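Working notes for the structure below.
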Number of protein chains: 2
Amino acid sequence: MKLHLVAGGAGFVGVNLVRRLLARGDAVAVCDDLSRGRRELLPAETTGRLSFHKVDCSEAEALGKVVSSLDRAVDEVWHMAANSDIPAGVEDPRVDLYRTFLTTVGILEMMRRFSIGCLHFASSSAIYGDLGDLEIHENIGPLEPISYYGAMKLASEAHIRAAVEAFLSRANVFRFPNVIGVPATHGVIIDFVRKLRGMPRRLEVLGNGTQTKAYLHVDELVDAMLHIRSLAGRYCVFNIGPSDAGITVRQIAEMVRDAVSPGAEIVYGGGDRGWVGDVPRFRYSVAKLKAAGWRARLGSADALSRAIHEIVEQER
Amino acid sequence: MKLHLVAGGAGFVGVNLVRRLLARGDAVAVCDDLSRGRRELLPAETTGRLSFHKVDCSEAEALGKVVSSLDRAVDEVWHMAANSDIPAGVEDPRVDLYRTFLTTVGILEMMRRFSIGCLHFASSSAIYGDLGDLEIHENIGPLEPISYYGAMKLASEAHIRAAVEAFLSRANVFRFPNVIGVPATHGVIIDFVRKLRGMPRRLEVLGNGTQTKAYLHVDELVDAMLHIRSLAGRYCVFNIGPSDAGITVRQIAEMVRDAVSPGAEIVYGGGDRGWVGDVPRFRYSVAKLKAAGWRARLGSADALSRAIHEIVEQER
């Protein structure tokens, strides 16, 4: 039995990861400041293998107190703590500085002090910025993130890479795609569902609907992370995503409309971007991950269809 | 006449830049915390065009007070403020976090508040990490810095890139090579000179002396930055360096020995690296800068020869 510390473990991806780690028979200490995560999303504790700690992960001192309080040593750290409110980060660069980058700094500082050697990090495809029509593989350059969120994920990767040179024995970096599923807290599906619940005859969509994005279901994301964890390697970086090129915002809007309020009119805004940091086309290569033995079972459309039904259920 | 704010303007590269800006007839406000820089390195003020402000550039509030106190608006900001004590940064990641990255954050925050649109940034070849025998051009990947210094320079670039999307009208990123000249405060030449002054018969060298590095004289570095400033482009990234592949630490040791204490024995340590973050081979492409119309007049050996004589003079 291993003890995993999951930073940001009360958030969307975090709770799915925590459930899976517990199902494997391991123990989990969740650290979350509950700024966006919610404690009630975590499974009810019945096994003695799950503990929850409300703590700001940018504070190494406070994290250290949590680690000291545990009845055994932490084996692996999963860093899923970050700002997930992208528009808030566009308005104010300090949001991603503190929540997306300084959490990484705090976690690494704590790991250094307690000689914890193994880190798994949730990075993002946002580190790549807008590379136009290029196929985005892990070794591509230049890396020019166009959002503070993407910038602070890249900063985190850089800090982790230097920490591998300095003291970490192992780090895995997962570059997340668009991830969907439940418990949904933000994102395009829940936005559309809520808009249609509020105004059932008309769905307003940012941008002209032609943006194409690939979507992965959170169950498969957790699968992929655990698969990468099972590989060897001191510093491993992987794009994670489905095998297809993705679907358009227009298709998503129509799928949600059909599930929630068939017959509603869909009204598009102008331009091919929804917000600052939104990249219109994105050819995300998952060839490295396939070569390492993992591929998604669901394509973007199937993942969306499943997530839409789960989220409609959640929002009842 | 333009007003330039030079952050880190009392450091090695900073004072050379400030002199050149003043010589062009522009005005300069130097901001420096004097942690490594020294005020007396700046030219004596006789023109009314130079002001000095002791301030920690990671503090946007304090920087803002300086900017408010100036009798005209700042046109351009040059960010030369960073930790220059690489070994200190190896020991403690907070050194580069605060001095190398949070200075960038503080400066950008101040620029956003005062609507200053133009930033020139001193980045570093350290962002590339160890790419083995690959020729390092600006668009290469993956970027895996192996020192906290390199990581925090990459973090700074990422933050600046996102700021260009958000509010900056222009940013130039200079990826510095090994820069030599006076006033020297740190680096291989001054280390060797001081060691030989202390112990004239024996020079101990870290590593086996086979590391090859390219060196640029600071006069040429400032030339190159001003040339890039004269180009068009919203976000421009340039490697700066000499045209040759560099010279070995062994050659440098011999040149310094011959200048300071001919006949001293040179003793090498083991391994092909001097310290964490030291990259043994480094093929640095300056093709982009050449194509943009600038090339160094001095090769690494000539630049070293000149700098050694200047530093020997300085250290008398």
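Just remember, in the structure tokens the first chain shown is A, the second B, etc., residues are 1-based per chain, and ligands are 1-based in the order shown.
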Practice task
Name all residues at most 7 Å from Ser125 in chain B (count only C-alpha atoms; drop same-chain ones fewer than 3 positions away) and give them as a PyMOL selection string.
Solution key: chain B and resi 128+175-177
Practice task
Residues of chain A near chain B: apply a cut-off of 10 Å, count only C-alpha atoms, and supply the list as a PyMOL selection string.
Solution key: chain A and resi 90-94+97+101-102+105+108-109+127+129+137-166+235+237+276-277
Need to verify the contact set: range 254-269 of chain B, 6 Å, only C-alpha atoms, exclusion of same-chain residues closer than 2 positions in sequence. Can you return it as a compact mmCIF listing (two decimals) with C-alpha atoms, in the first residue's frame?
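part24.txt, written as the output of this step:
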```txt
# COMPACT_ATOMS: atom_id res chain seq x y z
CA PRO B 200 50.00 32.40 -7.84
CA ARG B 201 51.53 28.97 -8.44
CA ARG B 202 48.45 26.83 -8.83
CA LEU B 203 45.03 27.28 -10.47
CA GLU B 204 42.30 24.81 -9.56
CA VAL B 205 39.60 24.39 -12.19
CA LEU B 206 36.17 22.78 -11.66
CA GLY B 207 35.50 19.96 -14.13
CA ASN B 208 38.03 18.47 -16.51
CA GLN B 251 42.02 27.49 -23.06
CA ILE B 252 40.50 30.13 -20.78
```
Handout entry: Who sits within 10 Å of Ser115 in chain A, only C-alpha atoms, same chain under 4 positions skipped, as a list in words
Key = Ala73, Val74, Asp75, Leu108, Glu109, Met110, Met111, Phe167, Leu168 and Ser169 of chain A
Handout entry: In range 158-301 of chain A, DSSP alpha helix (DSSP H) residues written as a PyMOL selection string
Key = chain A and resi 158-166+188-198+218-229+249-260+287-291+300-301
Practice task
For range 53-67 of chain A, please output as number ranges by chain all residues within 10 Å (counting only C-alpha atoms; exclusion window: fewer than 5 positions along the same chain).
Solution key: A: 5, 7-10, 29-35, 39, 72-74, 79, 81-82, 98-114
For the selection just defined, write its residues with C-alpha atoms to a file, as a PDB file, in the first residue's frame.
```
ATOM      1  CA  LEU A   5      -0.719  13.064  -1.466  1.00  0.00           C
ATOM      2  CA  ALA A   7      -2.894  18.389  -4.142  1.00  0.00           C
ATOM      3  CA  GLY A   8      -6.106  19.794  -5.557  1.00  0.00           C
ATOM      4  CA  GLY A   9      -7.751  16.478  -4.767  1.00  0.00           C
ATOM      5  CA  ALA A  10     -11.198  17.994  -4.239  1.00  0.00           C
ATOM      6  CA  ALA A  29      -4.163  12.369   1.706  1.00  0.00           C
ATOM      7  CA  VAL A  30      -6.073  15.081  -0.117  1.00  0.00           C
ATOM      8  CA  CYS A  31      -4.795  18.657   0.183  1.00  0.00           C
ATOM      9  CA  ASP A  32      -7.103  21.322  -1.210  1.00  0.00           C
ATOM     10  CA  ASP A  33      -7.876  24.928  -0.321  1.00  0.00           C
ATOM     11  CA  LEU A  34     -11.515  24.436  -1.424  1.00  0.00           C
ATOM     12  CA  SER A  35     -11.373  27.635  -3.460  1.00  0.00           C
ATOM     13  CA  ARG A  39     -15.044  18.368   0.014  1.00  0.00           C
ATOM     14  CA  ARG A  72       3.271   7.378   7.557  1.00  0.00           C
ATOM     15  CA  ALA A  73       5.575   8.817   4.919  1.00  0.00           C
ATOM     16  CA  VAL A  74       4.182  10.103   1.629  1.00  0.00           C
ATOM     17  CA  HIS A  79      -0.132  17.975  -8.187  1.00  0.00           C
ATOM     18  CA  ALA A  81      -3.922  22.142  -7.809  1.00  0.00           C
ATOM     19  CA  ALA A  82      -4.375  25.086 -10.153  1.00  0.00           C
ATOM     20  CA  TYR A  98      -0.622  32.171  -7.074  1.00  0.00           C
ATOM     21  CA  ARG A  99      -2.923  29.271  -7.846  1.00  0.00           C
ATOM     22  CA  THR A 100      -1.205  27.709 -10.850  1.00  0.00           C
ATOM     23  CA  PHE A 101       2.496  28.439 -10.323  1.00  0.00           C
ATOM     24  CA  LEU A 102       3.135  29.144  -6.651  1.00  0.00           C
ATOM     25  CA  THR A 103       1.289  25.936  -5.756  1.00  0.00           C
ATOM     26  CA  THR A 104       4.010  24.133  -7.728  1.00  0.00           C
ATOM     27  CA  VAL A 105       6.681  26.051  -5.848  1.00  0.00           C
ATOM     28  CA  GLY A 106       5.086  25.280  -2.474  1.00  0.00           C
ATOM     29  CA  ILE A 107       4.666  21.592  -3.267  1.00  0.00           C
ATOM     30  CA  LEU A 108       8.269  21.223  -4.478  1.00  0.00           C
ATOM     31  CA  GLU A 109       9.580  23.054  -1.427  1.00  0.00           C
ATOM     32  CA  MET A 110       7.639  20.696   0.843  1.00  0.00           C
ATOM     33  CA  MET A 111       8.900  17.652  -1.112  1.00  0.00           C
ATOM     34  CA  ARG A 112      12.496  18.850  -0.826  1.00  0.00           C
ATOM     35  CA  ARG A 113      12.188  19.305   2.924  1.00  0.00           C
ATOM     36  CA  PHE A 114      10.614  15.876   3.432  1.00  0.00           C
TER      37      PHE A 114
END
```
Problem - Every residue of range 66-303 of chain B that DSSP places in strand (DSSP E or B), as a ChimeraX atom specification - result: /B:76-79,118-124,129,135-136,144,170-176,178-180,202-205,212-213,215-217,235-239,247-248,265-268,283-284
Handout entry: Atomic distance CA of Leu131 in chain B - CA of Lys290 in chain A, expressed in Å with one decimal
Key =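 We find that CA of Leu131 in chain B and CA of Lys290 in chain A lie 24.4 Å from each other.
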Problem - Residue nearest Val13 in chain A - candidates A:His186, A:Arg229, A:Arg49, A:Lys213, atoms counted: only C-alpha atoms - result: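 Among the listed residues, A:His186 lies closest to Val13 in chain A.
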Practice task
Provide the CA of Asp223 in chain A to CA of Gly299 in chain A distance in Å, to one decimal place.
Solution key: 14.9 Å
Practice task
Select, from A:Gly89, A:Gly241, A:Gly209, A:Gly246, the residue with the minimum atom-to-atom distance to Val179 in chain A, counting only C-alpha atoms.
Solution key: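 Between A:Gly89, A:Gly241, A:Gly209, A:Gly246, the residue approaching Val179 in chain A most closely is A:Gly241.
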Practice task
Name the closest residue to Val18 in chain B among the candidates B:Ile116, B:Val173, B:Val312, B:Val222; distances are taken between atoms, counting only C-alpha atoms.
Solution key: B:Val222
Exercise for the section: Please identify all polymer residues within 8 Å of Phe282 in chain B, counting only C-alpha atoms, omitting same-chain residues fewer than 6 positions from it, and present them as an MDAnalysis selection string. Expected result: chainID B and resid 130:133 135:136 212:213 245
Emit the selected residues as a short mmCIF file (atom, residue, chain, number, x, y, z; two decimals), in the first residue's frame, including C-alpha atoms.
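And here is the file that came out, part-v9.cif:
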```cif
data_model
loop_
_atom_site.label_atom_id
_atom_site.label_comp_id
_atom_site.auth_asym_id
_atom_site.auth_seq_id
_atom_site.Cartn_x
_atom_site.Cartn_y
_atom_site.Cartn_z
CA ASP B 130 21.13 20.18 -22.12
CA LEU B 131 20.16 19.43 -25.71
CA GLY B 132 23.31 17.41 -26.38
CA ASP B 133 24.74 17.92 -29.83
CA GLU B 135 22.22 23.06 -32.77
CA ILE B 136 20.19 25.36 -30.59
CA THR B 212 33.27 24.35 -24.53
CA LYS B 213 31.43 27.64 -24.36
CA ALA B 245 31.46 27.42 -31.50
#
```
Practice task
For CA of Trp294 in chain A and CA of His227 in chain A, determine how far apart the two atoms are, in Å to one decimal place.
Solution key: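 Here the two named atoms are 7.1 Å from each other.
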